[in-house]
Amino acid sequence: MNAPQNAKKKILVIDDELSIVKYLEALLQDNGYATVAAMNGNEAMEKVRSEKPDLICLDITMPEKSGIRFYKELREDPNVAAIPVIVVTAVTGYGGDSETFRKFLSDRRQFPPPNDFIAKPIDREEFIKRVAKVLAAAS
Amino acid sequence: MSTGWPCEMASAPADSLHRAGWPAEHEAMTTQDIREWVRTELWDQVPVRIAVIDRNLRIVEANRAFGRTFGPWRNRPCYTVYKGRAEKCVRCEASESFEDGVARVREEEGKLPNGEPIHYLVRIHPIERPDGHIPFLVEMSTDITMLKTLEHEKLEAERLAAVGQTVAGLAHGIKNLLMGLDGGMYMARSGIEQGNPERMIQGWGILEENVARISSFVREFLEFARGRTPRVQLVDPNEPARKVMELFKDTARLAGVELTADLDETIALAPLDEEGIHSCLANLVSNALDACDTSDKSENHVTLSTREQGGVIVYEVRDDGQGMDYDVKKKVFSNFFSTKASGKGTGLGLLTTRKIVQEHGGKVSFDSREGEGAVFRIELPRNRLPQPRAEADDE
């Protein structure tokens with residue numbers, strides 16, 4: 001395991017599937033990151049404000065508050081708007097969430113796009129590489 | 001330029017008008033002329049097939065359009081002329097109108113003398129004597145074959161579009177499952193490598209959970225895809241609702257939700273695929289209970305109701321659960337879209353419901369406000385319901 005230079009950076013994992021939350025947390029911890037988790041948009045917003053993570057891994061389709069609404073709220077709050085976001089989604093390309101997400105962004109140009117998109121199922125090495133890259137760019 | 005006279009509306013050729021004694025100048029017409037024209041010419045000129053049948057179901061009078069469409073008719077049984085049948089239809093609307101004196105409108109599929117099918121909309125009007133006896137019925141039929149062909153083509157196009165969406169949705173579902181399996185394997189293996197039994201057990205649990213999800217996913221997907229032929233029979237429309245109430249009463253009680261039924265017991269029998277309607281209502285009630293599960297309220301209610309309004313059978317499932325926001329409402333009928341917790345929904349329930357309801361010629365709709373609940377409504381117009389199975393088998 002290669003502990004990156006930015007070890008102990010804190011990453012918030014948001015997904016409504018517990019198994020995916022556990023998986024991403026274990027993977028990130030094994031690569032030297034601290035993690036916190038949330039399973040819907042409301043809980044995630046609370047965690048963002050209380051934990052001030054360095055990076056957010058965001059699922060889109062979630063109950064109560066979707067990833068889209070969470071992202072809008074995040075970017076609207078100046079205290080947390082600068083936190084980088086990587087969208088981790090299963091829908092890529094056809095009529096699903098990522099398209100909705102892209103449309104949402106193009107309709108509201110005042111919001112910057114997420115820092116990266118990663119398709120589920122993730123390639124572990126690629127995922128860790130991109131996390132490191134986004135964190136490096138943000139710092 | 002149109003003068004608005006009946007001769008123009010019926011597009012009657014000039015010579016036939018003169019044969020009927022129609023005056024050369026419209027201005028010279030009298031009320032008597034118009035009556036005469038209606039009696040002698042309109043009967044044969046209207047683009048509607050009109051037949052008069054007696055209580056033995058024999059056609060005793062018909063207009064020219066009827067003969068041109070259905071062939072020889074005099075004193076022949078209506079079921080033979082319209083449908084090429086040797087025996088009376090299993091459900092005979094004409095006999096019902098002779099019995100109760102009520103006018104009816106119904107879509108039918110018949111057979112032309114050349115063997116081609118014809119779809120027609122028939123209006124049945126009883127002719128009642130002052131003493132209440134009904135010696136005859138008038139049946140007025142409009143050819144809607146072209147309309148049905150277009151409707152069929154539209155449905156086929158929608159079906160093909162749905163195949164594309166289904167494949168894309170299937171890929172989405174599989175990606176999520178792969179992610180879960182991959183995660184389970186990673187945790188089990190890294191747990192072994194790190195000598196961390198807790199993580200190993202967690203990984204194993206994730207693997208088990210995802211294998212169970214695959215089973216449920218495949219089962220639901222096959223059920224959706226196999227295109228089961230609806231088994232349509234004359235049933236009490238409240239019967240599937242009663243069975244669904246029975247099915248969910250314990251689940252609701254355990255979830256602390258008050259589940260009540262408000263069934264209109266006066267609804268008459270209707271040709272329905274009872275199992276299909278049962279699946280639809282079970283999906284809607286199950287969704288309503290799940291919506292209550294994530295509600296903030298201390299008490300929740302779900303009501304399943306039935307009623308008939310203007311010839312439309314209506315099922316309604318109302319809950320005061322979490323309701324839906326704009327993002328969710330837009331995707332309610334999308335394949336594999338689910339807001340339910342992990343393992344609770346594959347996102348096919350409402351799609352299957354809509355498919356079954358469309359097979360009954362009806363529609364599903366919903367109203368919802370975030371935080372206030374939702375009401376899902378199935379509307380089945382009687383004149384669009386499919387034929388009962390027994391009759392379809394006969395033909």
# chains A, B, ... in the order shown; residues from 1 in each chain; ligands from 1
>>> select_by_dssp(residues="stretch 151-326 of chain B", states="strand (DSSP E)", output="PyMOL selection string")
chain B and resi 232-235+257-263+270-273+300-309+312-319
>>> residues_around(residues="B:Glu239", least_positions_apart="2", cutoff="10 Å", atoms="only C-alpha atoms", output="list of chain:residue names")
B:Val235, B:Asp236, B:Pro237, B:Ala241, B:Arg242, B:Lys243, B:Val244, B:Met245, B:Leu263, B:Glu274, B:Ile277, B:His278
>>> residues_around(residues="stretch 360-368 of chain B", least_positions_apart="5", cutoff="10 Å", atoms="only C-alpha atoms", output="ChimeraX atom specification")
/B:230,232,271-273,276-277,280,312-326,329,332-333,350,353-355,373-387
>>> write_last_selection(atoms="C-alpha atoms", output="short mmCIF file (atom, residue, chain, number, x, y, z; two decimals), in the first residue's frame")
data_model
loop_
_atom_site.label_atom_id
_atom_site.label_comp_id
_atom_site.auth_asym_id
_atom_site.auth_seq_id
_atom_site.Cartn_x
_atom_site.Cartn_y
_atom_site.Cartn_z
CA PRO B 230 -53.11 -11.59 -19.44
CA VAL B 232 -58.80 -12.04 -18.52
CA PRO B 271 -63.19 -8.44 -17.50
CA LEU B 272 -59.81 -8.20 -15.74
CA ASP B 273 -56.59 -10.15 -15.37
CA GLY B 276 -52.12 -8.78 -12.97
CA ILE B 277 -54.26 -6.24 -11.09
CA CYS B 280 -50.24 -3.74 -9.55
CA VAL B 312 -64.16 4.09 -15.38
CA ILE B 313 -63.03 1.68 -12.64
CA VAL B 314 -60.62 3.53 -10.34
CA TYR B 315 -58.17 2.04 -7.84
CA GLU B 316 -56.36 4.46 -5.55
CA VAL B 317 -53.54 3.94 -3.06
CA ARG B 318 -53.02 6.96 -0.83
CA ASP B 319 -50.29 7.40 1.78
CA ASP B 320 -49.14 10.22 4.04
CA GLY B 321 -45.50 9.16 3.91
CA GLN B 322 -42.45 11.04 2.69
CA GLY B 323 -43.86 12.06 -0.71
CA MET B 324 -41.68 12.81 -3.69
CA ASP B 325 -39.54 15.72 -4.75
CA TYR B 326 -39.22 16.96 -8.33
CA LYS B 329 -41.30 12.46 -9.72
CA VAL B 332 -41.04 7.38 -11.18
CA PHE B 333 -41.70 5.21 -14.23
CA LEU B 350 -44.02 0.71 -11.14
CA THR B 353 -47.62 -1.90 -12.96
CA ARG B 354 -47.84 0.50 -15.88
CA LYS B 355 -47.35 -2.35 -18.36
CA GLY B 373 -47.46 11.80 0.89
CA ALA B 374 -48.61 10.47 -2.45
CA VAL B 375 -51.63 9.05 -4.22
CA PHE B 376 -51.26 6.57 -7.07
CA ARG B 377 -54.31 6.02 -9.27
CA ILE B 378 -55.15 3.25 -11.74
CA GLU B 379 -57.99 4.14 -14.13
CA LEU B 380 -59.58 1.43 -16.27
CA PRO B 381 -62.30 2.62 -18.68
CA ARG B 382 -64.79 -0.22 -19.11
CA ASN B 383 -65.12 0.28 -22.86
CA ARG B 384 -61.37 -0.33 -23.28
CA LEU B 385 -61.11 -3.47 -21.14
CA PRO B 386 -59.95 -6.62 -22.96
CA GLN B 387 -62.27 -9.48 -23.94
#
>>> residues_around(residues="stretch 186-199 of chain B", least_positions_apart="3", cutoff="12 Å", atoms="only C-alpha atoms", output="list in words")
Met1, Ser19, Ile20, Val21, Lys22, Tyr23, Leu24, Glu25, Ala26, Leu27, Leu28, Gln29, Asp30, Ile122, Asp123 and Arg124 of chain A; Leu178, Met179, Gly180, Leu181, Asp182, Gly183, Gln202, Gly203, Trp204, Gly205, Ile206, Leu207 and Glu208 of chain B
>>> atom_distance(atom1="atom CA of B:Phe66", atom2="atom CA of B:Leu150")
23.6 Å
>>> closest_residue(among="B:Thr40, B:Ser95, B:Asn210, B:Gln32", to="chain A", atoms="only C-alpha atoms")
B:Asn210
>>> residues_around(residues="A:Phe127", least_positions_apart="2", cutoff="12 Å", atoms="only C-alpha atoms", output="MDAnalysis selection string")
chainID A and resid 24 27:28 31 57 86:88 116:125 129:134
>>> closest_residue(among="B:Pro388, B:Pro47, B:Pro117, B:Gly173", to="B:Leu269", atoms="only C-alpha atoms")
B:Pro388
>>> residues_around(residues="A:Asp59", least_positions_apart="2", cutoff="8 Å", atoms="only C-alpha atoms", output="list in words")
Ile14, Asp15, Asp16, Cys57, Thr61, Met62, Gly67, Val87, Val88 and Thr89 of chain A
>>> residues_around(residues="A:Ile56", least_positions_apart="3", cutoff="6 Å", atoms="only C-alpha atoms", output="list in words")
Ile11, Leu12 and Val85 of chain A
